[in-house]
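Enquirer: One structure follows; several queries about it will come next.
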Amino acid sequence: MFEYQQPDAAGHFGVYGGSFVSETLTHAINELKAAYAHYQHDPDFIAEFKSELAHFVGRPSPVYHAARMSREMGGAQIFLKREDLNHTGAHKINNTIGQAMLAKRMGKPRIIAETGAGQHGVATATICARYGLECVVYMGAEDVKRQSPNVYRMKLLGATVVPVDSGSRTLKDALNEAMRDWVANVDNTYYIIGTVAGPHPYPMMVRDFQSVIGEECLTQMPEMFKSLKMVASSGDMQPDAVVACVGGGSNAMGIFYPYIHHSHTRLIGVEAAGEGLDTHKHSASLQLGSPGVLHGNRTYILQDDNGQITETHSISAGLDYPGVGPEHAFLKDIGRAEYVGITDKEALEAFHYLCRTEGIIPALESSHAVAYAMQLAKTMRPDQSILVNMSGRGDKDIGTVADLSNADFFCRPSCQGQAVKGGEHIIQVHK
Ligand SMILES: *Cc1c(COP(=O)(O)O)cnc(C)c1O
């Protein structure tokens, strides 16, 4: 067992993290640090956060034993932490509630956020509606086109969505634009960052809000083992491995953090290997990136020899990011967490497998974690266990999956009652 005290007062996780911001933001960042330092120990703040999680989000989310899947893999027992059952369909809401509560107390009536697939945008717009805060969401113009249902959701919730036309017109450009807005409007504006990235104190603060996931598991796993009459092989009634997908890294930090001092439990982060780690089409910053500064912190980033950020790719928009939270960079370097890759194809197979075997439609992001757990389970014994963070549900992804599976998603008038695509049935399911 070892002492884990991260980050230091300046937000450093070893050589990573820190705060690289322009002069104009220094004051806003200091104000945020002071507010969080105060409210994180404030009993009223903590009580309200817990109450919001219970009554608005529906926590605690269950831990579920995927019995059929475990049996078919023939190895370790696989458990799913059901963040997909949260209000708005993913873990993101845990963090937006905490930060919006902070914004209210800091007297900031205007909220800004960046979003890629739109999940963080929806979670932010949701809590702004609940608290009566103005909400502006920056989103790459390309993503606005690709994710139109989430754009409409944000509008229904009363948010303004601003398409960003610069750069690759995706998440990293939206992040730059949100930072620019913040610089111009620091007095009345709070910036809710959606993952464990950005300048200090964001990586620490987002981790703290998300760590409710792992905290719940620490009490749920022993109960689960008892009800299954299983004796956990680790001896401490906790899983042998915890597996989570890593985009920016917030759902993974949320489940890893409370387990860091449980040295029997392996922590495994799954990055998007896209079309393969030997191609240029992936988002595996920790495995194939190198240290550099991006979006206000030092971490592993995907960059070329000139320090230019390279294009990334993943089937899942939520994992398609050229950086990663600095705490993951640190956990990798000290060897406390391992990072592996799952390709688009493997993730898609796991997606279909979970749908049909367990009756759960996972987010494509979470499907990466499921895919790796399936491979890992086969190498383990039935008295061993793997806990997978099911970061979100897959409703948002069914259009993408239908396209990739070459199926007709909606039954158009032209195909009603008829066989389509060379005699196959209307909904052609991948198998
Ligand atoms: C946004 C998102 C992710 C990736 O973000 P992290 O910060 O790495 O957790 C993963 N899963 C789902 C369902 C998401 O919406």
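In the structure tokens, chains take the letters A, B, ... in the order shown, each chain's residues start at 1, and ligands count up from 1 in the order shown.
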Within 6 Å of ligand 1, which residues of chain A come that close, and what is the closest atom pair and distance in Å for each? Count only C-alpha atoms and all ligand atoms and give it as CSV.
Expert:
residue,atom,partner,partner_atom_place_in_ligand_line,distance
A:Ala90,CA,ligand 1,13 (C),5.0
A:Gln119,CA,ligand 1,15 (O),5.1
A:Thr195,CA,ligand 1,7 (O),4.3
A:Val246,CA,ligand 1,8 (O),4.1
A:Gly247,CA,ligand 1,8 (O),3.4
A:Gly248,CA,ligand 1,8 (O),4.0
A:Gly249,CA,ligand 1,8 (O),3.4
A:Ser250,CA,ligand 1,7 (O),3.5
A:Asn251,CA,ligand 1,9 (O),3.7
A:Ala252,CA,ligand 1,9 (O),6.0
A:Gly318,CA,ligand 1,1 (C),4.3
A:Leu319,CA,ligand 1,4 (C),5.3
A:Ala363,CA,ligand 1,13 (C),5.3
A:Glu365,CA,ligand 1,11 (N),4.6
A:Ser366,CA,ligand 1,11 (N),5.4
A:Ser391,CA,ligand 1,13 (C),4.5
A:Gly392,CA,ligand 1,13 (C),3.5
Enquirer: Find the residues near Thr24 in chain A: any atom within 10 Å, counting only C-alpha atoms, skip ones fewer than 3 places away on the same chain, and give them as a VMD selection string.
Expert: chain A and resid 21 27 to 29 182 to 184 186
Enquirer: Quick one: everything within 10 Å of Ser19 in chain A, counting only C-alpha atoms, minus sequence neighbours fewer than 2 positions away in the same chain. Send it as JSON, numbers by chain.
Expert: {"A": [10, 11, 12, 16, 17, 21, 22, 26, 29, 198, 199, 200, 201, 202, 293, 295, 296, 297, 298]}
Enquirer: Go ahead and write the selection's residues with N, CA and C atoms as an mmCIF file, in the first residue's frame.
Expert:
data_model
loop_
_atom_site.group_PDB
_atom_site.id
_atom_site.type_symbol
_atom_site.label_atom_id
_atom_site.label_comp_id
_atom_site.auth_asym_id
_atom_site.auth_seq_id
_atom_site.Cartn_x
_atom_site.Cartn_y
_atom_site.Cartn_z
ATOM 1 N N ALA A 10 -0.060 23.201 -6.707
ATOM 2 C CA ALA A 10 -0.097 23.912 -7.991
ATOM 3 C C ALA A 10 -0.743 23.068 -9.083
ATOM 4 N N GLY A 11 -1.290 21.902 -8.685
ATOM 5 C CA GLY A 11 -1.991 21.089 -9.675
ATOM 6 C C GLY A 11 -1.101 20.161 -10.468
ATOM 7 N N HIS A 12 0.095 19.860 -9.955
ATOM 8 C CA HIS A 12 0.984 18.934 -10.659
ATOM 9 C C HIS A 12 0.754 17.501 -10.223
ATOM 10 N N TYR A 16 3.254 16.229 -14.763
ATOM 11 C CA TYR A 16 2.106 16.582 -15.615
ATOM 12 C C TYR A 16 1.165 17.560 -14.908
ATOM 13 N N GLY A 17 0.155 18.024 -15.657
ATOM 14 C CA GLY A 17 -0.836 18.921 -15.079
ATOM 15 C C GLY A 17 -0.363 20.358 -15.080
ATOM 16 N N VAL A 21 -2.074 29.102 -18.584
ATOM 17 C CA VAL A 21 -3.130 29.986 -19.102
ATOM 18 C C VAL A 21 -2.585 31.397 -19.309
ATOM 19 N N SER A 22 -3.304 32.146 -20.129
ATOM 20 C CA SER A 22 -2.893 33.522 -20.396
ATOM 21 C C SER A 22 -3.120 34.372 -19.152
ATOM 22 N N THR A 26 -5.638 34.247 -15.341
ATOM 23 C CA THR A 26 -5.032 33.937 -14.048
ATOM 24 C C THR A 26 -5.965 34.265 -12.896
ATOM 25 N N ILE A 29 -8.920 31.783 -12.729
ATOM 26 C CA ILE A 29 -8.466 30.480 -12.249
ATOM 27 C C ILE A 29 -8.222 30.520 -10.734
ATOM 28 N N GLY A 198 -7.767 20.400 -18.939
ATOM 29 C CA GLY A 198 -7.788 21.830 -18.667
ATOM 30 C C GLY A 198 -6.778 22.192 -17.590
ATOM 31 N N PRO A 199 -6.676 23.501 -17.274
ATOM 32 C CA PRO A 199 -5.732 23.957 -16.245
ATOM 33 C C PRO A 199 -6.208 23.574 -14.840
ATOM 34 N N HIS A 200 -5.280 23.441 -13.886
ATOM 35 C CA HIS A 200 -5.611 23.262 -12.482
ATOM 36 C C HIS A 200 -6.566 24.370 -12.068
ATOM 37 N N PRO A 201 -7.666 24.156 -11.341
ATOM 38 C CA PRO A 201 -7.991 22.931 -10.602
ATOM 39 C C PRO A 201 -8.925 21.950 -11.336
ATOM 40 N N TYR A 202 -9.188 22.186 -12.638
ATOM 41 C CA TYR A 202 -10.191 21.330 -13.303
ATOM 42 C C TYR A 202 -9.910 19.821 -13.208
ATOM 43 N N VAL A 293 2.061 20.353 -24.040
ATOM 44 C CA VAL A 293 1.031 21.160 -23.377
ATOM 45 C C VAL A 293 -0.163 21.323 -24.303
ATOM 46 N N HIS A 295 -4.450 22.624 -24.034
ATOM 47 C CA HIS A 295 -5.603 23.078 -23.266
ATOM 48 C C HIS A 295 -5.281 23.301 -21.784
ATOM 49 N N GLY A 296 -4.161 23.967 -21.545
ATOM 50 C CA GLY A 296 -3.864 24.448 -20.202
ATOM 51 C C GLY A 296 -3.145 23.505 -19.271
ATOM 52 N N ASN A 297 -2.761 22.303 -19.744
ATOM 53 C CA ASN A 297 -2.027 21.388 -18.856
ATOM 54 C C ASN A 297 -0.993 20.576 -19.626
ATOM 55 N N ARG A 298 0.005 20.058 -18.895
ATOM 56 C CA ARG A 298 0.995 19.192 -19.529
ATOM 57 C C ARG A 298 0.540 17.745 -19.410
#
Enquirer: Check range 179-421 of chain A with DSSP on the backbone and list each residue it calls alpha helix (DSSP H), as a PyMOL selection string.
Expert: chain A and resi 179-184+202-210+212-227+250-256+285-288+326-333+344-358+364-377+398-404
Enquirer: So which residues touch range 127-132 of chain A within 12 Å, counting only C-alpha atoms, skipping near sequence neighbours fewer than 2 positions away, as a compact mmCIF listing (two decimals) with N, CA, C and O atoms, in the first residue's frame?
Expert:
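The file below, part.txt, is the result:
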# COMPACT_ATOMS: atom_id res chain seq x y z
N GLU A 52 -28.74 16.11 -4.96
CA GLU A 52 -28.93 16.22 -6.40
C GLU A 52 -28.64 14.88 -7.08
O GLU A 52 -29.36 14.46 -7.98
N LEU A 53 -27.55 14.23 -6.66
CA LEU A 53 -27.19 12.95 -7.27
C LEU A 53 -28.27 11.90 -7.01
O LEU A 53 -28.59 11.09 -7.87
N PHE A 56 -32.03 13.82 -8.62
CA PHE A 56 -32.10 14.30 -10.01
C PHE A 56 -31.43 13.30 -10.96
O PHE A 56 -31.90 13.06 -12.06
N VAL A 57 -30.32 12.70 -10.51
CA VAL A 57 -29.58 11.77 -11.38
C VAL A 57 -30.08 10.33 -11.21
O VAL A 57 -30.07 9.55 -12.15
N HIS A 87 -29.70 9.92 -15.24
CA HIS A 87 -30.41 10.94 -16.02
C HIS A 87 -29.44 11.54 -17.05
O HIS A 87 -28.29 11.83 -16.72
N THR A 88 -29.89 11.70 -18.25
CA THR A 88 -29.14 12.15 -19.44
C THR A 88 -28.23 11.06 -20.02
O THR A 88 -27.55 11.28 -21.01
N LYS A 92 -21.50 11.98 -17.34
CA LYS A 92 -21.15 13.41 -17.45
C LYS A 92 -21.93 14.30 -16.47
O LYS A 92 -21.41 15.30 -16.00
N ILE A 93 -23.17 13.93 -16.17
CA ILE A 93 -24.03 14.76 -15.32
C ILE A 93 -23.47 14.91 -13.90
O ILE A 93 -23.65 15.94 -13.26
N ASN A 94 -22.73 13.90 -13.39
CA ASN A 94 -22.16 14.00 -12.04
C ASN A 94 -21.31 15.26 -11.91
O ASN A 94 -21.36 15.98 -10.92
N ASN A 95 -20.51 15.51 -12.95
CA ASN A 95 -19.59 16.64 -12.95
C ASN A 95 -20.29 17.96 -13.21
O ASN A 95 -20.01 18.96 -12.55
N THR A 96 -21.25 17.98 -14.14
CA THR A 96 -21.88 19.27 -14.45
C THR A 96 -22.69 19.78 -13.26
O THR A 96 -22.75 20.98 -13.04
N ILE A 97 -23.26 18.87 -12.48
CA ILE A 97 -23.99 19.31 -11.28
C ILE A 97 -23.03 19.97 -10.29
O ILE A 97 -23.28 21.07 -9.80
N GLY A 98 -21.93 19.31 -10.01
CA GLY A 98 -20.95 19.87 -9.06
C GLY A 98 -20.47 21.25 -9.49
O GLY A 98 -20.45 22.20 -8.69
N GLN A 99 -20.12 21.38 -10.76
CA GLN A 99 -19.59 22.67 -11.23
C GLN A 99 -20.68 23.74 -11.29
O GLN A 99 -20.42 24.91 -11.00
N ALA A 100 -21.90 23.37 -11.68
CA ALA A 100 -22.98 24.37 -11.73
C ALA A 100 -23.32 24.86 -10.33
O ALA A 100 -23.62 26.04 -10.13
N MET A 101 -23.24 23.96 -9.34
CA MET A 101 -23.47 24.38 -7.95
C MET A 101 -22.41 25.39 -7.51
O MET A 101 -22.70 26.35 -6.79
N LEU A 102 -21.18 25.17 -7.98
CA LEU A 102 -20.09 26.09 -7.67
C LEU A 102 -20.33 27.44 -8.34
O LEU A 102 -20.16 28.50 -7.72
N ALA A 103 -20.78 27.42 -9.60
CA ALA A 103 -21.05 28.65 -10.35
C ALA A 103 -22.11 29.49 -9.64
O ALA A 103 -21.97 30.71 -9.51
N LYS A 104 -23.17 28.81 -9.16
CA LYS A 104 -24.23 29.53 -8.43
C LYS A 104 -23.64 30.25 -7.23
O LYS A 104 -23.90 31.41 -6.99
N ARG A 105 -22.82 29.52 -6.46
CA ARG A 105 -22.26 30.11 -5.23
C ARG A 105 -21.25 31.22 -5.54
O ARG A 105 -21.04 32.11 -4.72
N LYS A 108 -22.01 33.50 -10.65
CA LYS A 108 -21.83 33.59 -12.12
C LYS A 108 -23.11 33.10 -12.80
O LYS A 108 -23.40 31.90 -12.77
N PRO A 109 -23.86 34.01 -13.42
CA PRO A 109 -25.14 33.61 -14.01
C PRO A 109 -25.04 33.01 -15.40
O PRO A 109 -26.02 32.50 -15.95
N ARG A 110 -23.83 33.07 -16.00
CA ARG A 110 -23.68 32.61 -17.39
C ARG A 110 -22.69 31.43 -17.43
O ARG A 110 -21.59 31.52 -16.88
N ILE A 111 -23.13 30.34 -18.07
CA ILE A 111 -22.31 29.13 -18.15
C ILE A 111 -21.89 28.92 -19.61
O ILE A 111 -22.71 29.04 -20.52
N ILE A 112 -20.62 28.57 -19.80
CA ILE A 112 -20.20 28.13 -21.14
C ILE A 112 -19.61 26.73 -21.02
O ILE A 112 -19.17 26.30 -19.95
N ALA A 113 -19.64 25.99 -22.13
CA ALA A 113 -19.08 24.64 -22.17
C ALA A 113 -18.67 24.32 -23.60
O ALA A 113 -19.15 24.95 -24.55
N HIS A 120 -21.61 16.12 -23.18
CA HIS A 120 -21.33 17.09 -22.13
C HIS A 120 -22.19 18.34 -22.32
O HIS A 120 -22.64 18.94 -21.34
N GLY A 121 -22.45 18.71 -23.57
CA GLY A 121 -23.32 19.85 -23.84
C GLY A 121 -24.72 19.62 -23.30
O GLY A 121 -25.32 20.50 -22.67
N VAL A 122 -25.24 18.41 -23.52
CA VAL A 122 -26.58 18.09 -23.03
C VAL A 122 -26.60 18.07 -21.50
O VAL A 122 -27.51 18.62 -20.87
N ALA A 123 -25.58 17.49 -20.88
CA ALA A 123 -25.53 17.44 -19.41
C ALA A 123 -25.43 18.84 -18.83
O ALA A 123 -26.01 19.13 -17.77
N THR A 124 -24.70 19.73 -19.51
CA THR A 124 -24.57 21.12 -19.04
C THR A 124 -25.88 21.87 -19.23
O THR A 124 -26.35 22.56 -18.32
N ALA A 125 -26.49 21.74 -20.41
CA ALA A 125 -27.75 22.43 -20.69
C ALA A 125 -28.83 21.97 -19.70
O ALA A 125 -29.67 22.76 -19.26
N GLU A 134 -27.94 30.92 -17.69
CA GLU A 134 -27.79 31.05 -19.13
C GLU A 134 -26.74 30.04 -19.60
O GLU A 134 -25.75 29.82 -18.90
N CYS A 135 -26.94 29.42 -20.75
CA CYS A 135 -26.01 28.37 -21.18
C CYS A 135 -25.64 28.52 -22.65
O CYS A 135 -26.50 28.56 -23.53
N VAL A 136 -24.32 28.62 -22.91
CA VAL A 136 -23.81 28.71 -24.28
C VAL A 136 -22.84 27.54 -24.50
O VAL A 136 -21.90 27.37 -23.73
N VAL A 137 -23.10 26.73 -25.52
CA VAL A 137 -22.27 25.55 -25.77
C VAL A 137 -21.54 25.68 -27.11
O VAL A 137 -22.17 25.90 -28.14
N ARG A 153 -31.52 18.55 -28.66
CA ARG A 153 -31.76 18.37 -27.22
C ARG A 153 -31.31 19.61 -26.44
O ARG A 153 -32.02 20.11 -25.59
N MET A 154 -30.10 20.08 -26.76
CA MET A 154 -29.58 21.27 -26.06
C MET A 154 -30.50 22.45 -26.28
O MET A 154 -30.78 23.22 -25.35
N LYS A 155 -31.01 22.60 -27.51
CA LYS A 155 -31.90 23.73 -27.80
C LYS A 155 -33.21 23.59 -27.04
O LYS A 155 -33.72 24.56 -26.49
N LEU A 156 -33.74 22.38 -26.97
CA LEU A 156 -34.97 22.15 -26.19
C LEU A 156 -34.78 22.57 -24.74
O LEU A 156 -35.69 23.06 -24.09
N LEU A 157 -33.56 22.35 -24.23
CA LEU A 157 -33.27 22.66 -22.83
C LEU A 157 -32.95 24.14 -22.63
O LEU A 157 -32.63 24.56 -21.52
N GLY A 158 -33.01 24.90 -23.70
CA GLY A 158 -32.85 26.35 -23.59
C GLY A 158 -31.44 26.87 -23.82
O GLY A 158 -31.17 28.05 -23.57
N ALA A 159 -30.52 26.01 -24.27
CA ALA A 159 -29.13 26.45 -24.47
C ALA A 159 -28.95 27.04 -25.86
O ALA A 159 -29.71 26.75 -26.78
N THR A 160 -27.92 27.88 -26.00
CA THR A 160 -27.51 28.38 -27.31
C THR A 160 -26.32 27.54 -27.76
O THR A 160 -25.35 27.39 -27.03
N TYR A 190 -18.92 31.32 -15.96
CA TYR A 190 -18.25 30.14 -15.42
C TYR A 190 -18.07 29.14 -16.57
O TYR A 190 -19.03 28.85 -17.29
N ILE A 192 -17.63 25.40 -17.59
CA ILE A 192 -17.73 24.00 -17.13
C ILE A 192 -16.99 23.09 -18.12
O ILE A 192 -17.48 22.84 -19.22
Enquirer: Mind checking which residues fall within 7 Å of Gln238 in chain A, counting only C-alpha atoms, ignoring those fewer than 3 positions away in the same chain, and posting them as a PDB file with C-alpha atoms, in the first residue's frame?
Expert:
ATOM      1  CA  MET A 221     -18.839  -4.970  -4.741  1.00  0.00           C
ATOM      2  CA  PRO A 222     -18.607  -6.684  -1.322  1.00  0.00           C
ATOM      3  CA  ALA A 232     -13.213 -12.401  -4.160  1.00  0.00           C
ATOM      4  CA  SER A 234      -8.160 -10.530  -4.077  1.00  0.00           C
TER       5      SER A 234
END
Enquirer: Using only C-alpha atoms, can you tell me which of A:Ala284, A:Leu348, A:Ile334, A:Met139 comes closest to Asn176 in chain A?
Expert: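 So, comparing all the options, the nearest one is A:Met139.
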Enquirer: Using Å and a single decimal, report how far CA of Ser283 in chain A sits from CA of His313 in chain A.
Expert: 5.7 Å
Enquirer: Between CA of Ala337 in chain A and CA of Pro239 in chain A, what is the distance in Å, rounded to a tenth?
Expert: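 Interatomic distance, CA of Ala337 in chain A to CA of Pro239 in chain A: 14.6 Å.
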Enquirer: Considering only C-alpha atoms, state which residue in the set A:Asp44, A:Val370, A:Tyr353, A:Ser61 is at the smallest distance from Glu215 in chain A.
Expert: A:Ser61
Enquirer: So, counting only C-alpha atoms, which residue among A:Met253, A:Leu218, A:Met69, A:Val270 is closest to Thr357 in chain A?
Expert: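 Counting only C-alpha atoms, the residue closest to Thr357 in chain A is A:Met69.
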Enquirer: Between A:Lys81, A:His282, A:Arg71, A:His91, which has the minimum distance to Leu302 in chain A (counting only C-alpha atoms)?
Expert: A:His282
Enquirer: Which residue is closest to Ala67 in chain A? Choose from A:Leu354, A:Gly140, A:Gln5, A:Pro326 and count only C-alpha atoms.
Expert: A:Leu354
Enquirer: Could you make a table, as a tab-separated table, of the residues of range 61-115 of chain A that have an atom within 12 Å of an atom of range 228-231 of chain A, each with its nearest atom pair and distance in Å to one decimal, counting only C-alpha atoms, in chain and number order?
Expert:
residue	atom	partner	partner_atom	distance
A:Tyr64	CA	A:Leu228	CA	11.5
A:His65	CA	A:Leu228	CA	9.2
A:Ala67	CA	A:Leu228	CA	10.7
A:Ala76	CA	A:Met230	CA	11.8
A:Gln77	CA	A:Met230	CA	10.0
A:Phe79	CA	A:Leu228	CA	11.9
Enquirer: When you draw a straight line from CA of Gly75 in chain A to CA of Thr379 in chain A, how long is it in Å?
Expert: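 If I compute the distance from CA of Gly75 in chain A to CA of Thr379 in chain A, I get 6.5 Å.
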Enquirer: Quick one: residues within 7 Å of Ala141 in chain A, only C-alpha atoms, excluding same-chain residues fewer than 3 positions away - as an mmCIF file with N, CA, C and O atoms, in the first residue's frame?
Expert:
data_model
loop_
_atom_site.group_PDB
_atom_site.id
_atom_site.type_symbol
_atom_site.label_atom_id
_atom_site.label_comp_id
_atom_site.auth_asym_id
_atom_site.auth_seq_id
_atom_site.Cartn_x
_atom_site.Cartn_y
_atom_site.Cartn_z
ATOM 1 N N VAL A 144 -21.653 19.449 -35.134
ATOM 2 C CA VAL A 144 -23.042 19.930 -35.162
ATOM 3 C C VAL A 144 -23.814 19.157 -36.217
ATOM 4 O O VAL A 144 -24.957 18.741 -36.006
ATOM 5 N N LYS A 145 -23.138 18.931 -37.366
ATOM 6 C CA LYS A 145 -23.782 18.186 -38.448
ATOM 7 C C LYS A 145 -23.977 16.717 -38.077
ATOM 8 O O LYS A 145 -25.030 16.132 -38.288
ATOM 9 N N PRO A 163 -21.822 26.931 -33.404
ATOM 10 C CA PRO A 163 -20.954 26.098 -34.243
ATOM 11 C C PRO A 163 -19.598 26.773 -34.439
ATOM 12 O O PRO A 163 -19.541 27.975 -34.667
ATOM 13 N N VAL A 164 -18.512 25.990 -34.319
ATOM 14 C CA VAL A 164 -17.162 26.542 -34.460
ATOM 15 C C VAL A 164 -16.570 26.101 -35.794
ATOM 16 O O VAL A 164 -16.461 24.906 -36.068
ATOM 17 N N ASP A 165 -16.200 27.116 -36.609
ATOM 18 C CA ASP A 165 -15.792 26.830 -37.981
ATOM 19 C C ASP A 165 -14.288 26.761 -38.194
ATOM 20 O O ASP A 165 -13.845 26.541 -39.315
ATOM 21 N N ARG A 169 -12.761 21.759 -37.113
ATOM 22 C CA ARG A 169 -14.191 21.969 -36.814
ATOM 23 C C ARG A 169 -14.733 20.861 -35.913
ATOM 24 O O ARG A 169 -15.832 20.383 -36.092
ATOM 25 N N THR A 170 -13.884 20.439 -34.937
ATOM 26 C CA THR A 170 -14.296 19.403 -33.980
ATOM 27 C C THR A 170 -13.998 19.846 -32.545
ATOM 28 O O THR A 170 -13.813 21.040 -32.288
#
Enquirer: I'd like the neighbourhood of Gly394 in chain A as an NGL selection string, where a residue qualifies if any of its atoms comes within 8 Å (using only C-alpha atoms), though same-chain residues fewer than 5 positions away should be ignored.
Expert: :A and (361-364)
Enquirer: Report the residues of range 189-348 of chain A whose backbone DSSP state falls under strand (DSSP E), written as a PyMOL selection string.
Expert: chain A and resi 189-191+241-245+266-274+290-294+297-301+337-343
Enquirer: Check the smallest atom-to-atom distance from each of A:Met390, A:Ala178, A:Lys396, A:Met380 to Arg82 in chain A using only C-alpha atoms, then report the winner.
Expert: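 Of A:Met390, A:Ala178, A:Lys396, A:Met380, the one nearest Arg82 in chain A is A:Met390, counting only C-alpha atoms.
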